[in-house]
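Engineer: What follows is final35.tsv, made up of TSV, C-alpha atoms and all ligand atoms:
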chain	number	residue	atom	x	y	z
A	2	MET	CA	0.00	0.00	0.00
A	3	LEU	CA	1.13	3.60	-0.56
A	4	SER	CA	2.84	4.64	2.66
A	5	PRO	CA	3.26	8.30	3.69
A	6	TYR	CA	6.52	10.07	2.85
A	7	LYS	CA	8.99	10.62	5.68
A	8	ARG	CA	11.48	13.48	5.57
A	9	PHE	CA	15.14	12.56	5.98
A	10	VAL	CA	18.06	14.99	6.18
A	11	ILE	CA	21.53	14.05	4.91
A	12	VAL	CA	24.02	14.19	7.80
A	13	ARG	CA	27.06	12.59	6.15
A	14	LYS	CA	28.18	11.78	2.65
A	15	LYS	CA	31.29	9.93	1.60
A	16	GLN	CA	32.60	8.74	-1.72
A	17	GLU	CA	32.70	4.95	-1.37
A	18	THR	CA	33.91	4.26	-4.92
A	19	LYS	CA	34.59	6.36	-7.99
A	20	ASN	CA	30.85	6.57	-8.71
A	21	VAL	CA	29.10	5.43	-5.51
A	22	SER	CA	28.19	7.93	-2.77
A	23	TYR	CA	27.43	6.51	0.65
A	24	ILE	CA	24.75	8.69	2.23
A	25	SER	CA	23.81	8.69	5.94
A	26	PHE	CA	20.57	10.26	7.15
A	27	ASP	CA	19.45	11.81	10.43
A	28	LYS	CA	17.12	9.00	11.54
A	29	ASN	CA	16.77	5.24	11.65
A	30	LEU	CA	14.47	3.36	9.28
A	31	LYS	CA	13.04	0.01	10.31
A	32	ALA	CA	13.91	-2.26	7.38
A	33	LYS	CA	15.20	-5.73	6.57
A	34	PRO	CA	18.25	-6.31	4.35
A	35	GLY	CA	17.02	-6.73	0.76
A	36	GLN	CA	14.13	-4.27	1.13
A	37	PHE	CA	14.11	-0.99	-0.78
A	38	VAL	CA	12.73	2.52	-0.40
A	39	MET	CA	11.31	4.95	-2.96
A	40	VAL	CA	13.22	8.24	-2.71
A	41	TRP	CA	11.59	11.43	-3.95
A	42	ILE	CA	14.72	13.27	-5.00
A	43	ASP	CA	13.32	16.44	-6.56
A	44	GLN	CA	11.69	17.85	-9.70
A	45	GLY	CA	9.37	14.88	-9.93
A	46	ILE	CA	12.15	12.29	-9.84
A	47	GLU	CA	11.46	9.30	-7.63
A	48	LYS	CA	13.69	6.22	-7.66
A	49	PRO	CA	14.04	2.95	-5.74
A	50	PHE	CA	17.18	2.28	-3.69
A	51	SER	CA	18.11	-0.71	-1.55
A	52	VAL	CA	18.44	0.01	2.14
A	53	ALA	CA	22.19	-0.11	2.88
A	54	ASN	CA	21.75	0.24	6.63
A	55	SER	CA	18.85	0.91	8.98
A	56	LYS	CA	20.46	2.34	12.15
A	57	PRO	CA	20.97	5.01	10.90
A	58	PHE	CA	19.20	4.84	7.56
A	59	GLU	CA	21.85	4.80	4.81
A	60	LEU	CA	21.98	4.41	1.03
A	61	ALA	CA	24.74	3.60	-1.45
A	62	VAL	CA	23.98	5.46	-4.67
A	63	ALA	CA	25.80	5.00	-8.00
A	64	ALA	CA	25.71	8.17	-10.09
A	65	ILE	CA	24.63	6.87	-13.51
A	66	GLY	CA	21.72	9.04	-14.68
A	67	PRO	CA	19.49	12.02	-13.82
A	68	GLY	CA	17.93	10.70	-10.59
A	69	SER	CA	21.03	9.15	-9.08
A	70	ASN	CA	23.18	12.15	-10.07
A	71	ALA	CA	20.71	14.55	-8.44
A	72	LEU	CA	20.78	12.48	-5.24
A	73	CYS	CA	24.58	12.21	-5.22
A	74	GLU	CA	24.89	15.96	-5.74
A	75	LYS	CA	22.84	16.73	-2.62
A	76	LYS	CA	24.83	18.12	0.28
A	77	GLU	CA	24.83	17.49	4.01
A	78	GLY	CA	21.84	19.34	5.53
A	79	GLN	CA	19.64	18.84	2.44
A	80	GLU	CA	16.46	16.74	2.57
A	81	VAL	CA	14.79	13.91	0.67
A	82	PHE	CA	11.36	12.34	1.08
A	83	VAL	CA	11.18	8.59	1.45
A	84	ARG	CA	8.37	6.06	1.31
A	85	GLY	CA	8.73	2.45	2.31
A	86	PRO	CA	10.48	0.19	3.06
A	87	TYR	CA	8.90	-2.06	0.47
A	88	GLY	CA	9.48	-5.53	-0.89
A	89	LYS	CA	10.68	-8.76	0.60
A	90	GLY	CA	14.00	-8.99	2.40
A	91	PHE	CA	16.52	-11.82	2.19
A	92	ASP	CA	15.89	-14.99	4.21
A	93	TYR	CA	18.57	-15.97	6.73
A	94	VAL	CA	19.62	-19.51	5.75
A	95	GLY	CA	22.11	-21.56	7.77
A	96	LYS	CA	25.46	-20.45	9.18
A	97	ARG	CA	27.95	-20.67	6.30
A	98	TRP	CA	27.38	-18.12	3.57
A	99	LEU	CA	28.97	-17.16	0.29
A	100	VAL	CA	28.09	-13.53	-0.48
A	101	VAL	CA	28.76	-12.19	-3.96
A	102	GLY	CA	28.37	-8.51	-4.82
A	103	GLY	CA	28.97	-6.52	-7.98
A	104	GLY	CA	29.03	-2.71	-7.86
A	105	TYR	CA	26.52	-1.03	-5.51
A	106	GLY	CA	24.81	-4.45	-5.26
A	107	PHE	CA	27.21	-5.22	-2.41
A	108	ALA	CA	25.63	-2.49	-0.19
A	109	PRO	CA	22.44	-4.40	0.78
A	110	LEU	CA	24.53	-7.58	1.14
A	111	ARG	CA	26.87	-5.86	3.61
A	112	PHE	CA	23.75	-4.87	5.60
A	113	LEU	CA	22.62	-8.52	5.40
A	114	ILE	CA	25.95	-9.80	6.77
A	115	LYS	CA	25.89	-7.24	9.61
A	116	GLU	CA	22.38	-8.29	10.64
A	117	GLY	CA	23.19	-11.98	10.12
A	118	LEU	CA	26.18	-11.72	12.50
A	119	LEU	CA	23.94	-10.12	15.15
A	120	LYS	CA	21.40	-12.94	14.80
A	121	ASN	CA	23.87	-15.82	14.67
A	122	LYS	CA	27.18	-15.69	16.54
A	123	ASN	CA	28.37	-18.81	14.63
A	124	LEU	CA	27.84	-17.32	11.19
A	125	LYS	CA	30.87	-17.54	8.85
A	126	VAL	CA	30.90	-15.61	5.62
A	127	ASP	CA	33.07	-15.66	2.52
A	128	CYS	CA	32.60	-12.58	0.37
A	129	VAL	CA	33.48	-11.92	-3.22
A	130	ILE	CA	33.36	-8.26	-4.23
A	131	GLY	CA	33.78	-7.55	-7.90
A	132	ALA	CA	34.15	-4.50	-10.15
A	133	ARG	CA	35.54	-3.63	-13.56
A	134	GLU	CA	38.48	-1.69	-12.00
A	135	GLY	CA	39.84	-1.25	-8.47
A	136	GLN	CA	38.42	2.25	-8.11
A	137	TYR	CA	34.87	0.84	-8.41
A	138	LEU	CA	35.25	-1.77	-5.63
A	139	MET	CA	32.88	-1.45	-2.68
A	140	GLN	CA	34.28	-1.57	0.88
A	141	PRO	CA	34.32	-4.97	2.62
A	142	LEU	CA	32.80	-5.59	6.05
A	143	GLU	CA	35.68	-5.81	8.53
A	144	HIS	CA	34.87	-8.64	10.95
A	145	LYS	CA	36.75	-11.74	12.11
A	146	ALA	CA	33.99	-14.02	10.77
A	147	VAL	CA	34.12	-12.47	7.28
A	148	LYS	CA	36.77	-13.25	4.64
A	149	THR	CA	36.80	-11.15	1.48
A	150	ILE	CA	38.23	-11.74	-1.97
A	151	PHE	CA	38.26	-8.94	-4.54
A	152	THR	CA	38.05	-9.45	-8.28
A	153	THR	CA	38.50	-6.87	-11.02
A	154	ASP	CA	38.05	-7.29	-14.77
A	155	ASP	CA	41.35	-5.51	-15.45
A	156	GLY	CA	43.27	-7.20	-12.60
A	157	SER	CA	44.13	-3.84	-10.95
A	158	VAL	CA	43.07	-5.20	-7.51
A	159	GLY	CA	42.60	-8.81	-6.37
A	160	LEU	CA	42.01	-11.64	-8.81
A	161	LYS	CA	41.79	-10.78	-12.50
A	162	GLY	CA	38.42	-11.61	-14.02
A	163	THR	CA	34.80	-11.62	-12.98
A	164	VAL	CA	33.49	-12.75	-9.58
A	165	LEU	CA	32.97	-16.20	-11.12
A	166	VAL	CA	36.72	-16.89	-10.99
A	167	ALA	CA	36.59	-16.77	-7.19
A	168	VAL	CA	33.06	-18.13	-6.74
A	169	GLU	CA	33.66	-21.49	-8.43
A	170	LYS	CA	36.90	-22.04	-6.51
A	171	LEU	CA	35.21	-21.26	-3.17
A	172	ILE	CA	32.21	-23.50	-3.93
A	173	LYS	CA	34.57	-26.41	-4.62
A	174	GLN	CA	36.55	-25.83	-1.40
A	175	ASN	CA	33.71	-25.16	1.08
A	176	LYS	CA	30.23	-26.31	1.97
A	177	TYR	CA	27.87	-23.33	1.92
A	178	ASP	CA	24.31	-23.23	3.29
A	179	CYS	CA	23.39	-20.35	0.98
A	180	ILE	CA	24.83	-18.09	-1.72
A	181	TYR	CA	23.59	-14.49	-1.71
A	182	CYS	CA	24.19	-12.41	-4.81
A	183	ALA	CA	23.33	-8.89	-5.99
A	184	GLY	CA	24.70	-6.90	-8.88
A	185	PRO	CA	24.49	-6.92	-12.67
A	186	GLU	CA	21.84	-9.39	-13.83
A	187	LYS	CA	24.10	-11.43	-16.12
A	188	MET	CA	26.48	-11.91	-13.19
A	189	MET	CA	23.60	-13.02	-10.92
A	190	LYS	CA	22.41	-15.48	-13.55
A	191	ALA	CA	25.88	-17.02	-13.85
A	192	VAL	CA	26.14	-17.33	-10.06
A	193	ALA	CA	22.62	-18.83	-9.82
A	194	LEU	CA	23.55	-21.41	-12.48
A	195	LEU	CA	26.69	-22.38	-10.55
A	196	ALA	CA	24.66	-22.62	-7.32
A	197	GLN	CA	22.17	-24.87	-9.11
A	198	GLU	CA	24.95	-27.05	-10.53
A	199	TYR	CA	26.46	-27.54	-7.05
A	200	LYS	CA	22.99	-27.89	-5.41
A	201	ILE	CA	23.40	-24.90	-3.09
A	202	PRO	CA	20.38	-22.69	-2.28
A	203	SER	CA	20.83	-19.14	-3.58
A	204	GLN	CA	19.09	-15.79	-3.16
A	205	LEU	CA	19.34	-12.86	-5.52
A	206	SER	CA	17.91	-9.36	-5.84
A	207	ILE	CA	16.40	-8.51	-9.23
A	208	GLU	CA	15.98	-4.86	-10.23
A	209	ARG	CA	13.60	-3.47	-12.80
A	210	TYR	CA	12.39	0.01	-13.68
A	211	TYR	CA	9.94	0.86	-10.85
A	212	LYS	CA	7.05	3.28	-10.93
A	213	CYS	CA	4.66	2.61	-8.01
A	214	GLY	CA	6.96	0.37	-5.94
A	215	PHE	CA	4.13	-1.55	-4.30
A	216	GLY	CA	2.65	-3.86	-6.90
A	217	ILE	CA	-0.18	-1.98	-8.58
A	218	CYS	CA	1.22	-0.67	-11.88
A	219	GLY	CA	2.85	-3.89	-13.12
A	220	HIS	CA	5.73	-2.03	-14.80
A	221	CYS	CA	8.38	-4.17	-13.09
A	222	SER	CA	6.85	-7.51	-14.13
A	223	LEU	CA	9.21	-10.27	-15.31
A	224	ASN	CA	6.93	-12.87	-16.85
A	225	GLY	CA	4.28	-12.10	-14.21
A	226	TRP	CA	6.65	-11.92	-11.22
A	227	LEU	CA	6.56	-8.39	-9.79
A	228	SER	CA	10.04	-7.31	-8.76
A	229	CYS	CA	8.74	-4.61	-6.37
A	230	TYR	CA	6.05	-6.70	-4.70
A	231	ASP	CA	7.05	-10.38	-5.04
A	232	GLY	CA	10.75	-9.42	-4.75
A	233	PRO	CA	13.17	-7.83	-5.23
A	234	THR	CA	14.72	-10.83	-3.47
A	235	ILE	CA	14.13	-14.19	-5.13
A	236	SER	CA	15.60	-17.67	-4.94
A	237	GLY	CA	18.03	-18.51	-7.72
A	238	GLN	CA	15.84	-21.47	-8.69
A	239	LYS	CA	12.75	-19.27	-9.17
A	240	ALA	CA	14.75	-16.63	-11.04
A	241	LEU	CA	16.17	-19.21	-13.46
A	242	ALA	CA	12.60	-20.30	-14.27
A	243	LEU	CA	11.68	-16.75	-15.44
A	244	PRO	CA	12.34	-16.62	-19.22
A	245	ASP	CA	13.32	-12.89	-19.15
A	246	PHE	CA	15.84	-13.24	-16.32
A	247	GLY	CA	19.28	-12.16	-17.49
A	248	LEU	CA	18.00	-11.49	-21.02
A	249	PHE	CA	15.37	-8.74	-21.13
A	250	THR	CA	14.31	-5.75	-19.06
A	251	LYS	CA	11.91	-2.86	-19.76
A	252	ASP	CA	12.69	0.79	-20.31
A	253	LYS	CA	10.89	3.76	-18.73
A	254	ALA	CA	8.06	3.49	-21.30
A	255	GLY	CA	7.63	-0.26	-20.78
A	256	ARG	CA	9.35	-1.34	-24.03
A	257	LYS	CA	11.13	-4.68	-23.74
A	258	ILE	CA	14.89	-4.24	-24.22
A	259	LYS	CA	17.88	-6.59	-24.18
A	260	ILE	CA	20.04	-6.55	-21.07
B	1	LIG	C1	14.91	-2.66	-6.00
B	1	LIG	C2	15.92	-1.69	-6.54
B	1	LIG	C3	16.98	-1.33	-5.74
B	1	LIG	C4	17.93	-0.43	-6.22
B	1	LIG	N1	18.96	-0.10	-5.40
B	1	LIG	C5	19.88	0.78	-5.82
B	1	LIG	C6	20.95	1.15	-4.95
B	1	LIG	O1	21.05	0.70	-3.80
B	1	LIG	N2	21.86	2.02	-5.44
B	1	LIG	C7	21.78	2.54	-6.71
B	1	LIG	O2	22.64	3.33	-7.08
B	1	LIG	N3	20.76	2.20	-7.54
B	1	LIG	C8	19.82	1.36	-7.13
B	1	LIG	N4	18.78	1.02	-7.97
B	1	LIG	C9	18.70	1.66	-9.30
B	1	LIG	C10	18.04	3.03	-9.18
B	1	LIG	O3	16.70	2.90	-8.77
B	1	LIG	C11	17.98	3.78	-10.52
B	1	LIG	O4	17.50	2.95	-11.52
B	1	LIG	C12	19.33	4.28	-10.93
B	1	LIG	O5	19.80	5.15	-9.93
B	1	LIG	C13	19.24	5.02	-12.27
B	1	LIG	O6	18.33	6.07	-12.21
B	1	LIG	P1	18.68	7.46	-12.90
B	1	LIG	O7	17.49	8.35	-12.83
B	1	LIG	O8	19.93	8.01	-12.32
B	1	LIG	O9	18.99	7.10	-14.40
B	1	LIG	P2	18.06	6.48	-15.52
B	1	LIG	O10	18.01	7.44	-16.66
B	1	LIG	O11	16.76	6.01	-14.96
B	1	LIG	O12	18.93	5.22	-15.89
B	1	LIG	C14	20.26	5.30	-16.34
B	1	LIG	C15	20.60	4.00	-17.04
B	1	LIG	O13	20.38	2.87	-16.17
B	1	LIG	C16	19.38	1.99	-16.71
B	1	LIG	N5	18.50	1.57	-15.61
B	1	LIG	C17	17.75	2.36	-14.83
B	1	LIG	N6	17.10	1.65	-13.91
B	1	LIG	C18	17.44	0.36	-14.11
B	1	LIG	C19	17.10	-0.86	-13.49
B	1	LIG	N7	16.29	-0.91	-12.43
B	1	LIG	N8	17.64	-1.99	-13.97
B	1	LIG	C20	18.49	-1.96	-15.01
B	1	LIG	N9	18.86	-0.83	-15.64
B	1	LIG	C21	18.34	0.30	-15.20
B	1	LIG	C22	18.63	2.80	-17.71
B	1	LIG	O14	18.10	2.00	-18.74
B	1	LIG	C23	19.70	3.75	-18.24
B	1	LIG	O15	20.49	3.12	-19.21
B	1	LIG	C24	17.82	0.12	-7.54
B	1	LIG	C25	16.74	-0.25	-8.34
B	1	LIG	C26	15.80	-1.16	-7.87
B	1	LIG	C27	14.67	-1.55	-8.73
So, in terms of structure tokens, how does the structure I just supplied come out?
Ligand SMILES: Cc1cc2nc3c(=O)[nH]c(=O)nc-3n(C[C@H](O)[C@H](O)[C@H](O)COP(=O)(O)OP(=O)(O)OC[C@H]3O[C@@H](n4cnc5c(N)ncnc54)[C@H](O)[C@@H]3O)c2cc1C

Structural biologist:
Amino acid sequence: MLSPYKRFVIVRKKQETKNVSYISFDKNLKAKPGQFVMVWIDQGIEKPFSVANSKPFELAVAAIGPGSNALCEKKEGQEVFVRGPYGKGFDYVGKRWLVVGGGYGFAPLRFLIKEGLLKNKNLKVDCVIGAREGQYLMQPLEHKAVKTIFTTDDGSVGLKGTVLVAVEKLIKQNKYDCIYCAGPEKMMKAVALLAQEYKIPSQLSIERYYKCGFGICGHCSLNGWLSCYDGPTISGQKALALPDFGLFTKDKAGRKIKI
């Protein structure tokens, strides 16, 4: 249902990567990792963003177009209006996780690991953080129960190649209860296929162009599955059964386009 807008003021902004701003607000927001909010930025621009932290409410925003640029250009002391949180969060499965993040996709996963460690003192996490170059790598979560491997396409930091180079090696060496993955859709599909091959449960977060954010307009439908309402989190198995997954998305006007 349409929830009322809440006003949030930016109290801190830092540049997490070359194009991702990490924005902290003045209040907490009760939300589960994997849920998103709709942010009314200004001049009629409203966009969904994954909650990157709830206490305080924080977002990781990649400056790639008009809405995200306008949000990244806001300064400390400026306001935004937020509705939500919406959508389903990730499920906490078992105590040995492989977490795979590409670009800003790692932000909600870092929130997931933080919450997971609070819920389960025995949780152990291997993380793979990938980017095309070192300057686009997101920050790892520093904790004794978390081991991180970086991959870059150009080999400037960590292993050279995509996250898959590290993921397959780790899957062969360890027994994971669940693989969590968020980032570019083709990357998520490749990880979901590996998880399926090795019979490991997986959870992903699928993004589409959102308008309403709460399941009435149908703009974010992937073969009938509504990303904003049924997701954005989804099991790898369910995602692989959606014919458009990893192949087609929709533009602002609803035209089907290749990913
Ligand atoms: C559930 C959800 C969570 C999100 N979380 C974050 C987040 O934490 N941080 C963040 O930076 N962004 C996030 N996004 C993306 C964000 O909502 C905007 O789409 C993005 O900021 C681009 O908006 P824009 O107005 O800047 O540019 P636009 O002009 O809208 O888009 C710029 C380019 O990106 C493409 N694009 C836009 N939206 C999508 C999409 N959903 N999927 C694939 N391609 C797209 C467009 O086709 C265009 O090529 C999320 C989206 C969803 C659906």

Engineer: Using only C-alpha atoms and all ligand atoms, what table do you get, as JSON lines, when you list each residue of chain A with an atom no more than 6 Å from ligand LIG 1 (chain B), its nearest pair of atoms, and their distance in Å rounded to one decimal, rows by chain then rising number?

Structural biologist:
{"residue": "A:Phe37", "atom": "CA", "partner": "B:LIG1", "partner_atom": "C1", "distance": 5.5}
{"residue": "A:Lys48", "atom": "CA", "partner": "B:LIG1", "partner_atom": "O3", "distance": 4.6}
{"residue": "A:Pro49", "atom": "CA", "partner": "B:LIG1", "partner_atom": "O3", "distance": 4.0}
{"residue": "A:Phe50", "atom": "CA", "partner": "B:LIG1", "partner_atom": "N1", "distance": 3.4}
{"residue": "A:Ser51", "atom": "CA", "partner": "B:LIG1", "partner_atom": "O1", "distance": 4.0}
{"residue": "A:Ala61", "atom": "CA", "partner": "B:LIG1", "partner_atom": "N2", "distance": 5.2}
{"residue": "A:Val62", "atom": "CA", "partner": "B:LIG1", "partner_atom": "O2", "distance": 3.5}
{"residue": "A:Ala63", "atom": "CA", "partner": "B:LIG1", "partner_atom": "O2", "distance": 3.7}
{"residue": "A:Ile65", "atom": "CA", "partner": "B:LIG1", "partner_atom": "O8", "distance": 5.0}
{"residue": "A:Gly66", "atom": "CA", "partner": "B:LIG1", "partner_atom": "O8", "distance": 3.1}
{"residue": "A:Pro67", "atom": "CA", "partner": "B:LIG1", "partner_atom": "O7", "distance": 4.3}
{"residue": "A:Gly68", "atom": "CA", "partner": "B:LIG1", "partner_atom": "O7", "distance": 3.3}
{"residue": "A:Ser69", "atom": "CA", "partner": "B:LIG1", "partner_atom": "O8", "distance": 3.6}
{"residue": "A:Asn70", "atom": "CA", "partner": "B:LIG1", "partner_atom": "O8", "distance": 5.7}
{"residue": "A:Tyr105", "atom": "CA", "partner": "B:LIG1", "partner_atom": "N2", "distance": 5.6}
{"residue": "A:Glu208", "atom": "CA", "partner": "B:LIG1", "partner_atom": "C27", "distance": 3.9}
{"residue": "A:Arg209", "atom": "CA", "partner": "B:LIG1", "partner_atom": "N7", "distance": 3.7}
{"residue": "A:Tyr210", "atom": "CA", "partner": "B:LIG1", "partner_atom": "N7", "distance": 4.2}
{"residue": "A:Tyr211", "atom": "CA", "partner": "B:LIG1", "partner_atom": "C27", "distance": 5.7}
{"residue": "A:Pro233", "atom": "CA", "partner": "B:LIG1", "partner_atom": "C1", "distance": 5.5}
{"residue": "A:Asp252", "atom": "CA", "partner": "B:LIG1", "partner_atom": "O14", "distance": 5.8}

Engineer: Could you give me, as JSON lines, every range 100-205 of chain A residue with an atom at most 9 Å from range 91-96 of chain A, plus its closest atom pair and distance in Å to one decimal, counting only C-alpha atoms, rows ordered by chain then number?

Structural biologist:
{"residue": "A:Leu113", "atom": "CA", "partner": "A:Phe91", "partner_atom": "CA", "distance": 7.6}
{"residue": "A:Gly117", "atom": "CA", "partner": "A:Tyr93", "partner_atom": "CA", "distance": 7.0}
{"residue": "A:Asn121", "atom": "CA", "partner": "A:Lys96", "partner_atom": "CA", "distance": 7.4}
{"residue": "A:Lys122", "atom": "CA", "partner": "A:Lys96", "partner_atom": "CA", "distance": 8.9}
{"residue": "A:Asn123", "atom": "CA", "partner": "A:Lys96", "partner_atom": "CA", "distance": 6.4}
{"residue": "A:Leu124", "atom": "CA", "partner": "A:Lys96", "partner_atom": "CA", "distance": 4.4}
{"residue": "A:Lys125", "atom": "CA", "partner": "A:Lys96", "partner_atom": "CA", "distance": 6.2}
{"residue": "A:Val126", "atom": "CA", "partner": "A:Lys96", "partner_atom": "CA", "distance": 8.1}
{"residue": "A:Tyr177", "atom": "CA", "partner": "A:Lys96", "partner_atom": "CA", "distance": 8.2}
{"residue": "A:Asp178", "atom": "CA", "partner": "A:Gly95", "partner_atom": "CA", "distance": 5.3}
{"residue": "A:Cys179", "atom": "CA", "partner": "A:Val94", "partner_atom": "CA", "distance": 6.1}
{"residue": "A:Tyr181", "atom": "CA", "partner": "A:Phe91", "partner_atom": "CA", "distance": 8.5}
{"residue": "A:Pro202", "atom": "CA", "partner": "A:Val94", "partner_atom": "CA", "distance": 8.7}
{"residue": "A:Gln204", "atom": "CA", "partner": "A:Phe91", "partner_atom": "CA", "distance": 7.1}
{"residue": "A:Leu205", "atom": "CA", "partner": "A:Phe91", "partner_atom": "CA", "distance": 8.3}

Engineer: List every protein, DNA or RNA residue that has an atom no more than 8 Å from (12.6, -7.6, -21.6) in the file's coordinate frame, counting only C-alpha atoms, and report them as an mmCIF file with C-alpha atoms, in the coordinates of the input.

Structural biologist:
data_model
loop_
_atom_site.group_PDB
_atom_site.id
_atom_site.type_symbol
_atom_site.label_atom_id
_atom_site.label_comp_id
_atom_site.auth_asym_id
_atom_site.auth_seq_id
_atom_site.Cartn_x
_atom_site.Cartn_y
_atom_site.Cartn_z
ATOM 1 C CA LEU A 223 9.210 -10.270 -15.310
ATOM 2 C CA ASP A 245 13.320 -12.890 -19.150
ATOM 3 C CA LEU A 248 18.000 -11.490 -21.020
ATOM 4 C CA PHE A 249 15.370 -8.740 -21.130
ATOM 5 C CA THR A 250 14.310 -5.750 -19.060
ATOM 6 C CA LYS A 251 11.910 -2.860 -19.760
ATOM 7 C CA ARG A 256 9.350 -1.340 -24.030
ATOM 8 C CA LYS A 257 11.130 -4.680 -23.740
ATOM 9 C CA ILE A 258 14.890 -4.240 -24.220
ATOM 10 C CA LYS A 259 17.880 -6.590 -24.180
ATOM 11 C CA ILE A 260 20.040 -6.550 -21.070
#

Engineer: A:Val21, A:Val10, A:Cys229, A:Val100: which is nearest Pro57 in chain A, counting only C-alpha atoms?

Structural biologist: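 Using only C-alpha atoms, Pro57 in chain A sits closest to A:Val10.
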
Engineer: Leu110 in chain A: which residues within 12 Å, counting only C-alpha atoms, same-chain residues fewer than 3 positions away excluded, as a VMD selection string?

Structural biologist: chain A and resid 33 to 36 51 to 54 61 90 to 93 98 to 107 113 to 117 126 to 130 139 to 142 180 to 184 204 to 206 234

Engineer: Taking all atoms listed in the file into account, name the residue in A:Ala191, A:Ala32, A:Ala242, A:Ile207 that is nearest to Leu227 in chain A.

Structural biologist: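 When distances to Leu227 in chain A are compared using all atoms listed in the file, the smallest one comes from A:Ile207.
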
Engineer: Nearest to Leu194 in chain A among A:Ala108, A:Ile11, A:Val81, A:Val168, with distances taken over all atoms listed in the file: which residue is it?

Structural biologist: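 Closest to Leu194 in chain A of all the choices is A:Val168.
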
Engineer: Between CA of Lys19 in chain A and CA of Lys145 in chain A, measure the distance and give it in Å to one decimal.

Structural biologist: 27.1 Å

Engineer: Separation of CA of Gly45 in chain A and CA of Phe26 in chain A, in Å?

Structural biologist: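 Computing the Euclidean distance for CA of Gly45 in chain A and CA of Phe26 in chain A yields 20.9 Å.
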
Engineer: Kindly list the centre and edge lengths in Å, rounded to one decimal, for the axis-aligned box that covers all listed atoms of range 148-152 of chain A plus 4 Å on each of its six sides, as JSON.

Structural biologist:
{"center_x": 37.5, "center_y": -11.1, "center_z": -1.8, "size_x": 9.5, "size_y": 12.3, "size_z": 20.9}

Engineer: What does the distance between CA of Glu47 in chain A and CA of Lys212 in chain A come to in Å, to one decimal place?

Structural biologist: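 Between CA of Glu47 in chain A and CA of Lys212 in chain A the gap is 8.2 Å.
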
Engineer: Determine the nearest neighbour of Ile24 in chain A from the options A:Ile201, A:Cys218, A:Met188, A:Val12, counting only C-alpha atoms.

Structural biologist: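 Between A:Ile201, A:Cys218, A:Met188, A:Val12, the residue approaching Ile24 in chain A most closely is A:Val12.
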
Engineer: Excluding Gly247 in chain A and its own-chain neighbours fewer than 5 positions away, which residues fall within 7 Å of it when counting all atoms listed in the file? Please give them as a PyMOL selection string.

Structural biologist: chain A and resi 186-187+190+260

Engineer: Select, from A:Asp154, A:Ala240, A:Glu134, A:His220, the residue with the minimum atom-to-atom distance to Ala254 in chain A, counting all atoms listed in the file.

Structural biologist: A:His220

Engineer: Near Thr163 in chain A, within 8 Å and counting all atoms listed in the file, which residues show up once chain neighbours fewer than 2 positions away are dropped, as a list in words?

Structural biologist: Gly131, Ala132, Thr152, Thr153, Asp154, Lys161, Leu165, Val166 and Ala167 of chain A

Engineer: Pick out the closest residue to Lys28 in chain A from this set: A:Arg97, A:Lys239, A:His144, A:Arg8. Count all atoms listed in the file.

Structural biologist: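 Nearest candidate to Lys28 in chain A out of A:Arg97, A:Lys239, A:His144, A:Arg8: A:Arg8.
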
Engineer: Using only C-alpha atoms, determine which residues lie at most 12 Å from range 77-80 of chain A, disregarding the query and same-chain residues fewer than 3 positions distant; provide the list as a CSV table (one decimal) with C-alpha atoms, in the frame of the given file.

Structural biologist:
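That gives us out.csv:
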chain,number,residue,atom,x,y,z
A,6,TYR,CA,6.5,10.1,2.8
A,7,LYS,CA,9.0,10.6,5.7
A,8,ARG,CA,11.5,13.5,5.6
A,9,PHE,CA,15.1,12.6,6.0
A,10,VAL,CA,18.1,15.0,6.2
A,11,ILE,CA,21.5,14.0,4.9
A,12,VAL,CA,24.0,14.2,7.8
A,13,ARG,CA,27.1,12.6,6.2
A,14,LYS,CA,28.2,11.8,2.6
A,15,LYS,CA,31.3,9.9,1.6
A,23,TYR,CA,27.4,6.5,0.6
A,24,ILE,CA,24.8,8.7,2.2
A,25,SER,CA,23.8,8.7,5.9
A,26,PHE,CA,20.6,10.3,7.2
A,27,ASP,CA,19.4,11.8,10.4
A,28,LYS,CA,17.1,9.0,11.5
A,40,VAL,CA,13.2,8.2,-2.7
A,41,TRP,CA,11.6,11.4,-4.0
A,42,ILE,CA,14.7,13.3,-5.0
A,43,ASP,CA,13.3,16.4,-6.6
A,71,ALA,CA,20.7,14.6,-8.4
A,72,LEU,CA,20.8,12.5,-5.2
A,73,CYS,CA,24.6,12.2,-5.2
A,74,GLU,CA,24.9,16.0,-5.7
A,83,VAL,CA,11.2,8.6,1.4
